[in-house]
file input-v2.cif (mmCIF, C-alpha atoms and all ligand atoms)
data_start
#
loop_
_atom_site.label_atom_id
_atom_site.label_comp_id
_atom_site.auth_asym_id
_atom_site.auth_seq_id
_atom_site.Cartn_x
_atom_site.Cartn_y
_atom_site.Cartn_z
CA MET A 1 16.36 107.44 170.11
CA ALA A 2 19.92 108.77 169.96
CA TYR A 3 22.09 108.31 166.92
CA ARG A 4 24.86 105.72 167.30
CA THR A 5 27.75 108.11 166.55
CA PRO A 6 28.42 111.80 165.77
CA LEU A 7 29.02 110.84 162.13
CA GLU A 8 25.61 109.19 161.90
CA ALA A 9 24.03 112.27 163.50
CA ARG A 10 25.73 114.52 160.92
CA LEU A 11 24.63 112.38 157.98
CA ALA A 12 21.09 112.16 159.34
CA LYS A 13 20.96 115.97 159.56
CA GLN A 14 22.33 116.51 156.05
CA VAL A 15 20.10 113.86 154.47
CA THR A 16 17.03 115.14 156.27
CA LYS A 17 17.79 118.64 154.99
CA ALA A 18 18.15 117.41 151.39
CA ILE A 19 14.92 115.40 151.68
CA THR A 20 13.08 118.43 153.04
CA ASP A 21 14.61 120.97 150.64
CA TYR A 22 13.60 118.97 147.56
CA GLY A 23 10.46 117.20 148.80
CA MET A 24 12.08 113.82 148.19
CA ILE A 25 9.87 111.64 150.38
CA ALA A 26 6.11 111.73 150.90
CA PRO A 27 3.95 109.68 153.29
CA GLY A 28 3.44 106.13 152.03
CA ASP A 29 6.40 106.21 149.61
CA ARG A 30 8.13 102.97 148.75
CA ILE A 31 11.74 103.97 148.10
CA MET A 32 13.81 101.70 145.91
CA VAL A 33 17.51 102.11 146.74
CA GLY A 34 19.99 101.33 143.95
CA LEU A 35 22.48 99.12 145.80
CA SER A 36 25.69 98.36 143.90
CA GLY A 37 27.54 97.24 147.02
CA GLY A 38 29.89 100.24 146.72
CA LYS A 39 30.50 102.52 149.71
CA ASP A 40 28.01 105.19 148.65
CA SER A 41 25.03 102.93 148.07
CA TRP A 42 25.58 101.17 151.42
CA ALA A 43 25.80 104.52 153.21
CA LEU A 44 22.57 105.59 151.53
CA LEU A 45 20.68 102.43 152.46
CA GLN A 46 21.93 102.50 156.07
CA ILE A 47 21.08 106.16 156.71
CA LEU A 48 17.66 105.89 155.04
CA ASP A 49 16.90 102.91 157.26
CA VAL A 50 17.93 104.91 160.34
CA LEU A 51 15.73 107.83 159.26
CA ARG A 52 12.83 105.53 158.38
CA GLN A 53 12.71 104.28 161.97
CA ARG A 54 12.39 107.77 163.40
CA ALA A 55 10.68 109.73 160.60
CA PRO A 56 7.35 111.37 161.36
CA ILE A 57 6.02 110.07 158.04
CA PRO A 58 5.76 106.37 157.12
CA PHE A 59 7.74 105.07 154.16
CA THR A 60 9.31 101.74 153.21
CA LEU A 61 12.59 100.72 151.59
CA VAL A 62 13.56 98.05 149.11
CA ALA A 63 17.14 97.63 147.91
CA VAL A 64 17.73 96.61 144.33
CA ASN A 65 21.01 95.32 142.97
CA VAL A 66 21.68 95.20 139.24
CA ASP A 67 24.32 92.52 138.66
CA SER A 68 26.16 93.26 135.40
CA GLY A 69 27.22 89.63 135.12
CA TYR A 70 30.96 89.92 135.88
CA LYS A 71 32.31 86.58 137.04
CA ASP A 72 33.84 87.58 140.37
CA TYR A 73 31.12 89.99 141.48
CA LYS A 74 30.18 89.09 145.06
CA HIS A 75 26.43 89.50 144.91
CA GLY A 76 26.15 86.68 147.49
CA LEU A 77 27.74 88.96 150.09
CA ILE A 78 25.16 91.64 149.33
CA THR A 79 22.36 89.11 149.81
CA GLU A 80 23.80 87.91 153.14
CA THR A 81 24.35 91.42 154.48
CA CYS A 82 20.82 92.55 153.61
CA ARG A 83 19.36 89.39 155.12
CA ASP A 84 21.34 89.88 158.37
CA ARG A 85 20.15 93.50 158.65
CA GLY A 86 16.55 92.73 157.75
CA TRP A 87 16.67 94.76 154.52
CA ASP A 88 14.36 93.84 151.68
CA LEU A 89 16.54 93.07 148.62
CA ARG A 90 15.96 92.16 145.01
CA ILE A 91 18.88 91.13 142.80
CA GLU A 92 18.54 91.36 139.04
CA HIS A 93 21.09 89.35 137.07
CA THR A 94 21.85 90.91 133.67
CA THR A 95 24.34 90.58 130.81
CA ILE A 96 25.17 94.30 130.71
CA GLY A 97 28.90 93.50 131.05
CA GLU A 98 28.82 91.25 127.99
CA VAL A 99 26.95 93.57 125.63
CA MET A 100 28.82 96.77 126.53
CA ASP A 101 31.59 96.44 123.92
CA ASP A 102 29.13 95.63 121.13
CA ILE A 103 26.90 98.64 121.59
CA LEU A 104 29.36 101.31 122.75
CA GLU A 105 28.98 104.28 120.42
CA ALA A 106 31.86 106.48 119.28
CA GLY A 107 32.52 109.21 121.82
CA GLU A 108 30.59 107.47 124.60
CA THR A 109 32.46 106.26 127.68
CA PRO A 110 31.75 102.77 129.05
CA CYS A 111 30.63 104.31 132.33
CA SER A 112 28.01 106.54 130.72
CA LEU A 113 26.68 103.65 128.61
CA CYS A 114 26.70 101.40 131.68
CA ALA A 115 24.80 104.03 133.70
CA ARG A 116 22.24 104.34 130.90
CA LEU A 117 21.70 100.58 130.68
CA ARG A 118 21.44 100.22 134.45
CA ARG A 119 19.00 103.13 134.61
CA GLY A 120 16.74 101.28 132.14
CA VAL A 121 16.82 98.17 134.33
CA LEU A 122 16.15 100.24 137.46
CA TYR A 123 13.09 101.86 135.87
CA ARG A 124 11.67 98.44 134.97
CA LEU A 125 12.41 97.09 138.46
CA ALA A 126 10.80 100.12 140.09
CA ASP A 127 7.54 99.12 138.42
CA GLU A 128 7.97 95.49 139.43
CA VAL A 129 8.64 96.19 143.13
CA GLY A 130 5.96 98.89 143.32
CA ALA A 131 8.44 101.69 144.09
CA THR A 132 7.27 105.29 144.04
CA LYS A 133 10.81 106.76 144.10
CA ILE A 134 14.28 105.56 143.09
CA ALA A 135 17.10 106.66 145.43
CA LEU A 136 20.65 106.80 144.09
CA GLY A 137 23.85 107.17 146.12
CA HIS A 138 25.40 110.20 144.37
CA HIS A 139 26.92 112.54 146.93
CA LEU A 140 28.16 116.13 147.09
CA ASP A 141 31.49 115.28 145.44
CA ASP A 142 29.68 113.61 142.53
CA LEU A 143 27.54 116.71 142.06
CA VAL A 144 30.40 119.22 142.00
CA GLU A 145 32.65 116.99 139.89
CA THR A 146 29.83 116.58 137.36
CA LEU A 147 29.35 120.33 137.27
CA LEU A 148 33.01 120.88 136.38
CA LEU A 149 33.06 117.97 133.92
CA ASN A 150 30.11 119.47 132.06
CA VAL A 151 31.64 122.94 132.06
CA PHE A 152 35.12 121.77 131.02
CA PHE A 153 34.26 119.07 128.51
CA GLN A 154 30.59 119.30 127.48
CA GLY A 155 29.98 123.03 127.12
CA ALA A 156 27.00 122.91 129.48
CA LEU A 157 26.34 124.48 132.85
CA LYS A 158 24.68 121.58 134.63
CA ALA A 159 25.28 119.12 137.45
CA MET A 160 23.00 116.37 138.82
CA PRO A 161 19.52 117.15 140.09
CA ALA A 162 18.60 116.24 143.66
CA ARG A 163 15.18 115.19 142.42
CA LEU A 164 14.36 114.33 138.82
CA VAL A 165 11.19 113.18 137.10
CA SER A 166 12.02 110.82 134.21
CA ASP A 167 11.30 111.97 130.65
CA ASN A 168 8.15 109.84 130.44
CA GLY A 169 6.97 111.27 133.78
CA LYS A 170 6.64 107.81 135.31
CA HIS A 171 9.63 107.70 137.66
CA VAL A 172 11.11 110.01 140.25
CA VAL A 173 14.83 109.73 140.95
CA ILE A 174 16.12 111.21 144.22
CA ARG A 175 19.64 111.78 145.55
CA PRO A 176 19.37 112.03 149.34
CA LEU A 177 23.19 112.20 149.77
CA ALA A 178 23.37 115.46 147.78
CA TYR A 179 24.73 117.33 150.85
CA VAL A 180 26.95 114.49 152.12
CA SER A 181 30.66 114.44 151.27
CA GLU A 182 32.25 111.36 149.75
CA ALA A 183 34.62 111.12 152.74
CA ASP A 184 31.68 110.98 155.16
CA ALA A 185 29.85 108.39 153.04
CA ARG A 186 32.98 106.23 153.00
CA ALA A 187 33.55 106.61 156.75
CA TYR A 188 29.90 105.88 157.54
CA THR A 189 29.91 102.65 155.52
CA LYS A 190 33.08 101.64 157.33
CA GLU A 191 31.80 102.40 160.82
CA SER A 192 28.53 100.60 159.98
CA GLU A 193 30.65 97.53 159.11
CA LEU A 194 29.11 97.13 155.67
CA PRO A 195 31.17 95.21 153.07
CA VAL A 196 32.32 97.36 150.16
CA ILE A 197 32.12 95.27 147.02
CA GLY A 198 33.99 96.13 143.81
CA CYS A 199 32.04 96.12 140.55
CA CYS A 200 34.65 93.75 138.95
CA CYS A 201 34.36 95.63 135.68
CA PRO A 202 37.54 95.87 133.55
CA ALA A 203 36.88 99.58 133.03
CA CYS A 204 36.85 100.29 136.75
CA GLY A 205 39.37 102.90 137.86
CA ASP A 206 40.80 103.22 134.38
CA LEU A 207 38.28 105.09 132.27
CA SER A 208 36.57 108.25 133.33
CA LEU A 209 40.05 109.76 133.49
CA GLN A 210 38.51 113.19 133.15
CA ARG A 211 36.54 112.57 136.35
CA GLN A 212 39.71 111.48 138.19
CA ARG A 213 41.48 114.60 136.94
CA VAL A 214 38.63 116.84 138.10
CA LYS A 215 38.54 115.06 141.46
CA ARG A 216 42.27 115.77 141.93
CA LEU A 217 41.82 119.37 140.87
CA ILE A 218 39.11 119.94 143.48
CA MET A 219 41.19 118.14 146.11
CA ASP A 220 44.21 120.36 145.38
CA LEU A 221 42.08 123.50 145.57
CA GLU A 222 40.54 122.32 148.83
CA ARG A 223 43.99 122.07 150.39
CA GLU A 224 44.49 125.79 149.80
CA HIS A 225 40.86 126.86 150.25
CA PRO A 226 38.99 124.39 152.48
CA HIS A 227 35.55 125.69 151.50
CA VAL A 228 35.79 125.21 147.74
CA LYS A 229 33.37 122.28 147.64
CA ALA A 230 30.92 123.97 149.95
CA SER A 231 31.07 127.07 147.77
CA MET A 232 30.41 125.00 144.63
CA LEU A 233 27.43 123.37 146.30
CA LYS A 234 26.16 126.80 147.30
CA ALA A 235 26.65 127.98 143.70
CA LEU A 236 24.33 125.22 142.49
CA THR A 237 21.59 126.65 144.69
CA ASN A 238 22.40 130.26 143.84
CA VAL A 239 22.10 130.57 140.05
CA MET A 240 21.93 134.05 138.57
CA PRO A 241 20.59 133.56 135.04
CA ARG A 242 20.99 137.23 134.08
CA HIS A 243 24.73 136.90 134.65
CA LEU A 244 25.04 134.07 132.16
CA LEU A 245 24.98 134.13 128.37
CA ASP A 246 22.11 131.78 127.63
CA ARG A 247 19.71 133.88 125.55
CA ARG A 248 16.84 131.57 126.47
CA LEU A 249 17.11 132.87 130.03
CA VAL A 250 17.29 136.62 129.43
CA GLU A 251 14.64 139.12 128.42
CA PRO A 252 14.56 139.60 124.62
CA VAL A 253 15.77 143.02 123.51
CA ASP A 254 14.48 144.74 120.36
CA GLY A 255 16.83 144.06 117.49
CA ALA A 256 18.56 141.10 119.17
CA ALA A 257 18.64 137.80 117.30
CA ALA A 258 16.13 135.22 118.52
CA ALA A 259 17.54 132.59 120.88
CA ALA A 260 18.71 129.54 118.98
CA PRO A 261 17.23 126.14 119.80
CA VAL A 262 19.20 124.05 122.29
CA ASP A 263 22.50 123.02 120.74
CA GLU A 264 23.64 119.69 122.15
CA THR A 265 27.06 119.88 120.48
CA PRO A 266 29.74 120.77 123.00
CA PHE A 267 31.34 124.16 122.28
CA PRO A 268 30.44 124.20 118.53
CA GLN A 269 31.46 127.74 117.63
CA PHE A 270 34.10 128.30 120.30
CA VAL A 271 36.63 125.61 119.52
CA PRO A 272 39.96 127.48 119.39
CA VAL A 273 41.62 127.19 115.99
CA ARG A 274 45.17 125.92 116.36
CA LYS A 275 47.57 128.04 114.32
CA ALA A 276 49.74 126.20 111.81
CA ARG A 277 53.41 126.46 112.71
S1 LIG B 1 33.45 101.14 136.13
FE1 LIG B 1 32.39 99.55 134.98
S2 LIG B 1 30.65 98.96 136.25
FE2 LIG B 1 31.39 100.90 137.03
S3 LIG B 1 30.15 102.42 135.95
FE3 LIG B 1 32.01 102.17 134.75
S4 LIG B 1 31.51 100.64 133.23
FE4 LIG B 1 29.95 100.51 134.83
#
call {"tool": "encode", "arguments": {"input": "input-v2.cif", "output": "structure tokens", "more": "lines below"}}
Ligand code: SF4
result
Amino acid sequence: MAYRTPLEARLAKQVTKAITDYGMIAPGDRIMVGLSGGKDSWALLQILDVLRQRAPIPFTLVAVNVDSGYKDYKHGLITETCRDRGWDLRIEHTTIGEVMDDILEAGETPCSLCARLRRGVLYRLADEVGATKIALGHHLDDLVETLLLNVFFQGALKAMPARLVSDNGKHVVIRPLAYVSEADARAYTKESELPVIGCCCPACGDLSLQRQRVKRLIMDLEREHPHVKASMLKALTNVMPRHLLDRRLVEPVDGAAAAAPVDETPFPQFVPVRKAR
């Protein structure tokens, strides 16, 4: 069976490579796709459905939408679209939007709290729908932006894993779009005529300013050096621990101080002291 378009063929190739590289899907898996109705989650669901129909191993899909409870959120359109395409869908109505302000801790952004709350709901739903894996729509741009955000603002050298086992060992989260660019995900959702639905959250587009800044920075660099993103992705697969300064990763040397336990505080001892004028 031929792919419908060259873009679909490219996505299928990149997603298949990510699935193979990280052992994301095994025979008999029931993959629960987090479907927000945004461009990335639609692209993920569509391409996984295409691959499911031609994959040499059997697996099934179920889309799950976590409705945060915002008044104008068009979850009805998500239901209709999934029904028309024959996609199994479960919608979970929540009050996440309402409780956000009350439980937001100092220093936490609404988006990180929101992601944490949604993740909790997704884990519960995974059990309820009998899912063996949870697929999220983060793409290559998300991975490299997160890497820079963590380096610039959190004092940590980390991005997003392509495959992650939850802390309690019960859930496996996968990111099959890890090698797909945001531009391709957007274009694929458009050419597949899937309706992009806004989250209707007041924070949307306003917060996460650091992420917008980092996105612009990468975009500017890409104009001068078109392979910057590809190089960053390659860097994530090409880590040289001995060329870093984390003493937990290097051989102990006689006389050297023992490696300190993990320090979660961003840049504790390296904050530059501003001179008084
Ligand atoms: S913009 Fe709103 S809905 Fe989207 S992640 Fe941030 S807080 Fe959550």
call {"tool": "closest_atom_pairs", "arguments": {"input": "input-v2.cif", "of": "chain A", "to": "ligand LIG 1 (chain B)", "cutoff": "9 Å", "atoms": "only C-alpha atoms and all ligand atoms", "output": "Markdown table"}}
result
| residue | atom | partner | partner_atom | distance |
| --- | --- | --- | --- | --- |
| A:Ser68 | CA | B:LIG1 | S2 | 7.3 |
| A:Ile96 | CA | B:LIG1 | FE4 | 8.9 |
| A:Gly97 | CA | B:LIG1 | S2 | 7.7 |
| A:Met100 | CA | B:LIG1 | S4 | 8.2 |
| A:Thr109 | CA | B:LIG1 | S4 | 8.0 |
| A:Pro110 | CA | B:LIG1 | S4 | 4.7 |
| A:Cys111 | CA | B:LIG1 | FE3 | 3.5 |
| A:Ser112 | CA | B:LIG1 | S3 | 7.0 |
| A:Leu113 | CA | B:LIG1 | S4 | 7.3 |
| A:Cys114 | CA | B:LIG1 | FE4 | 4.6 |
| A:Ala115 | CA | B:LIG1 | S3 | 6.0 |
| A:Arg118 | CA | B:LIG1 | FE4 | 8.5 |
| A:Gly198 | CA | B:LIG1 | FE2 | 8.7 |
| A:Cys199 | CA | B:LIG1 | S2 | 5.3 |
| A:Cys200 | CA | B:LIG1 | S2 | 7.1 |
| A:Cys201 | CA | B:LIG1 | FE1 | 4.4 |
| A:Pro202 | CA | B:LIG1 | FE1 | 6.5 |
| A:Ala203 | CA | B:LIG1 | S1 | 4.9 |
| A:Cys204 | CA | B:LIG1 | S1 | 3.6 |
| A:Gly205 | CA | B:LIG1 | S1 | 6.4 |
| A:Asp206 | CA | B:LIG1 | S1 | 7.8 |
| A:Leu207 | CA | B:LIG1 | S1 | 7.3 |
| A:Ser208 | CA | B:LIG1 | FE3 | 7.7 |
call {"tool": "residues_around", "arguments": {"input": "input-v2.cif", "residues": "segment 179-195 of chain A", "least_positions_apart": "3", "cutoff": "6 Å", "atoms": "all atoms listed in the file", "output": "ChimeraX atom specification"}}
result
/A:14,39-40,43,139-141
call {"tool": "residues_around", "arguments": {"input": "input-v2.cif", "residues": "Lys17 of chain A", "least_positions_apart": "6", "cutoff": "10 Å", "atoms": "only C-alpha atoms", "output": "list in words"}}
result
Leu11, Gly23, Pro176, Leu177, Ala178 and Tyr179 of chain A
call {"tool": "residues_around", "arguments": {"input": "input-v2.cif", "residues": "Val33 of chain A", "least_positions_apart": "3", "cutoff": "12 Å", "atoms": "all atoms listed in the file", "output": "MDAnalysis selection string"}}
result
chainID A and resid 30 36:37 40:49 60:66 87:91 122:123 125:126 129 131:138 173:177
call {"tool": "closest_residue", "arguments": {"input": "input-v2.cif", "among": "A:Asp84, A:Lys170, A:Leu157, A:Ile78", "to": "Arg124 of chain A", "atoms": "only C-alpha atoms"}}
result
A:Lys170
call {"tool": "closest_atom_pairs", "arguments": {"input": "input-v2.cif", "of": "segment 142-192 of chain A", "to": "segment 237-245 of chain A", "cutoff": "12 Å", "atoms": "only C-alpha atoms", "output": "tab-separated table"}}
result
residue	atom	partner	partner_atom	distance
A:Leu143	CA	A:Thr237	CA	11.9
A:Val144	CA	A:Thr237	CA	11.8
A:Ala156	CA	A:Leu245	CA	11.5
A:Leu157	CA	A:Leu244	CA	9.7
A:Lys158	CA	A:Val239	CA	10.8
A:Ala159	CA	A:Thr237	CA	11.1
A:Met160	CA	A:Thr237	CA	11.9
A:Pro161	CA	A:Thr237	CA	10.8
A:Ala162	CA	A:Thr237	CA	10.9
A:Ala178	CA	A:Thr237	CA	11.7
A:Tyr179	CA	A:Thr237	CA	11.6
call {"tool": "closest_residue", "arguments": {"input": "input-v2.cif", "among": "A:Tyr70, A:Lys234, A:Pro226, A:Gly155", "to": "Asp246 of chain A", "atoms": "only C-alpha atoms"}}
result
A:Gly155
call {"tool": "atom_distance", "arguments": {"input": "input-v2.cif", "atom1": "atom CA of Glu92 of chain A", "atom2": "atom CA of Val121 of chain A"}}
result
8.5 Å
call {"tool": "atom_distance", "arguments": {"input": "input-v2.cif", "atom1": "atom CA of Asp101 of chain A", "atom2": "atom CA of Leu117 of chain A"}}
result
12.7 Å
call {"tool": "closest_residue", "arguments": {"input": "input-v2.cif", "among": "A:His93, A:Arg247, A:Ala9, A:Leu149", "to": "Gly76 of chain A", "atoms": "all atoms listed in the file"}}
result
A:His93
call {"tool": "closest_residue", "arguments": {"input": "input-v2.cif", "among": "A:Met1, A:Met32, A:Arg116, A:Pro27", "to": "Val50 of chain A", "atoms": "all atoms listed in the file"}}
result
A:Met1
call {"tool": "residues_near_point", "arguments": {"input": "input-v2.cif", "point": "(39.6, 117.3, 140.2)", "cutoff": "12 Å", "atoms": "only C-alpha atoms", "output": "list in words"}}
result
Asp141, Asp142, Val144, Glu145, Thr146, Leu147, Leu148, Leu149, Phe152, Ser208, Leu209, Gln210, Arg211, Gln212, Arg213, Val214, Lys215, Arg216, Leu217, Ile218, Met219, Asp220, Leu221, Glu222, Val228 and Lys229 of chain A
call {"tool": "atom_distance", "arguments": {"input": "input-v2.cif", "atom1": "atom CA of Pro6 of chain A", "atom2": "atom CA of Ile57 of chain A"}}
result
23.8 Å
call {"tool": "decode", "arguments": {"input": "input-v2.cif", "residues": "segment 17-113 of chain A", "atoms": "C-alpha atoms", "output": "compact mmCIF listing (two decimals), in the first residue's frame"}}
result
# COMPACT_ATOMS: atom_id res chain seq x y z
CA LYS A 17 12.95 4.73 12.89
CA ALA A 18 12.17 6.22 16.31
CA ILE A 19 9.94 3.25 17.19
CA THR A 20 12.68 0.83 16.16
CA ASP A 21 15.57 2.74 17.75
CA TYR A 22 13.89 2.86 21.16
CA GLY A 23 11.80 -0.32 21.08
CA MET A 24 8.62 1.71 21.50
CA ILE A 25 6.06 -0.83 20.28
CA ALA A 26 5.87 -4.58 20.90
CA PRO A 27 3.43 -7.14 19.47
CA GLY A 28 0.02 -6.93 21.14
CA ASP A 29 0.56 -3.42 22.56
CA ARG A 30 -2.44 -1.22 23.16
CA ILE A 31 -1.16 2.31 22.60
CA MET A 32 -3.03 5.13 24.28
CA VAL A 33 -2.50 8.37 22.35
CA GLY A 34 -2.80 11.62 24.33
CA LEU A 35 -5.05 13.66 22.03
CA SER A 36 -5.39 17.34 22.95
CA GLY A 37 -6.75 18.29 19.54
CA GLY A 38 -3.60 20.34 18.85
CA LYS A 39 -1.66 19.85 15.60
CA ASP A 40 0.97 17.54 17.11
CA SER A 41 -1.39 15.08 18.76
CA TRP A 42 -3.49 14.79 15.58
CA ALA A 43 -0.36 14.17 13.50
CA LEU A 44 0.70 11.48 15.96
CA LEU A 45 -2.65 9.70 15.93
CA GLN A 46 -2.93 9.84 12.13
CA ILE A 47 0.58 8.51 11.43
CA LEU A 48 0.30 5.76 14.06
CA ASP A 49 -2.96 4.67 12.46
CA VAL A 50 -1.28 4.57 9.04
CA LEU A 51 1.61 2.52 10.45
CA ARG A 52 -0.75 0.22 12.37
CA GLN A 53 -2.40 -0.82 9.11
CA ARG A 54 0.87 -1.86 7.53
CA ALA A 55 3.04 -2.86 10.51
CA PRO A 56 4.37 -6.40 10.63
CA ILE A 57 3.39 -6.58 14.30
CA PRO A 58 -0.19 -6.22 15.60
CA PHE A 59 -1.01 -3.35 17.94
CA THR A 60 -4.11 -1.28 18.68
CA LEU A 61 -4.74 2.41 19.34
CA VAL A 62 -7.03 4.30 21.65
CA ALA A 63 -7.09 8.10 21.76
CA VAL A 64 -7.66 9.79 25.09
CA ASN A 65 -8.58 13.43 25.52
CA VAL A 66 -8.22 15.16 28.87
CA ASP A 67 -10.66 18.09 28.88
CA SER A 68 -9.43 20.72 31.36
CA GLY A 69 -12.94 22.15 31.65
CA TYR A 70 -12.51 25.46 29.79
CA LYS A 71 -15.87 26.71 28.59
CA ASP A 72 -15.17 27.11 24.88
CA TYR A 73 -13.08 23.99 24.41
CA LYS A 74 -14.45 22.13 21.37
CA HIS A 75 -14.25 18.56 22.59
CA GLY A 76 -17.36 17.81 20.49
CA LEU A 77 -15.31 18.36 17.33
CA ILE A 78 -12.71 15.87 18.58
CA THR A 79 -15.45 13.30 19.19
CA GLU A 80 -16.94 13.81 15.71
CA THR A 81 -13.59 13.62 13.95
CA CYS A 82 -12.58 10.41 15.73
CA ARG A 83 -15.97 8.87 15.02
CA ASP A 84 -15.74 9.77 11.29
CA ARG A 85 -12.26 8.22 11.05
CA GLY A 86 -13.14 5.13 13.05
CA TRP A 87 -10.74 5.99 15.89
CA ASP A 88 -11.46 4.70 19.37
CA LEU A 89 -11.74 7.74 21.70
CA ARG A 90 -12.26 8.31 25.38
CA ILE A 91 -12.84 11.83 26.70
CA GLU A 92 -12.20 12.58 30.35
CA HIS A 93 -13.80 15.77 31.65
CA THR A 94 -11.82 17.33 34.51
CA THR A 95 -11.66 20.57 36.51
CA ILE A 96 -7.92 21.05 36.01
CA GLY A 97 -8.52 24.57 34.65
CA GLU A 98 -10.40 25.59 37.79
CA VAL A 99 -7.94 24.28 40.38
CA MET A 100 -4.76 25.51 38.67
CA ASP A 101 -4.62 28.93 40.35
CA ASP A 102 -5.24 27.48 43.81
CA ILE A 103 -2.44 24.94 43.76
CA LEU A 104 0.21 26.70 41.67
CA GLU A 105 3.41 26.74 43.72
CA ALA A 106 5.89 29.62 43.74
CA GLY A 107 8.34 29.25 40.88
CA GLU A 108 6.18 26.77 38.97
CA THR A 109 4.73 27.77 35.60
CA PRO A 110 1.07 27.01 34.84
CA CYS A 111 2.15 24.85 31.91
CA SER A 112 4.39 22.62 34.02
CA LEU A 113 1.69 22.23 36.68
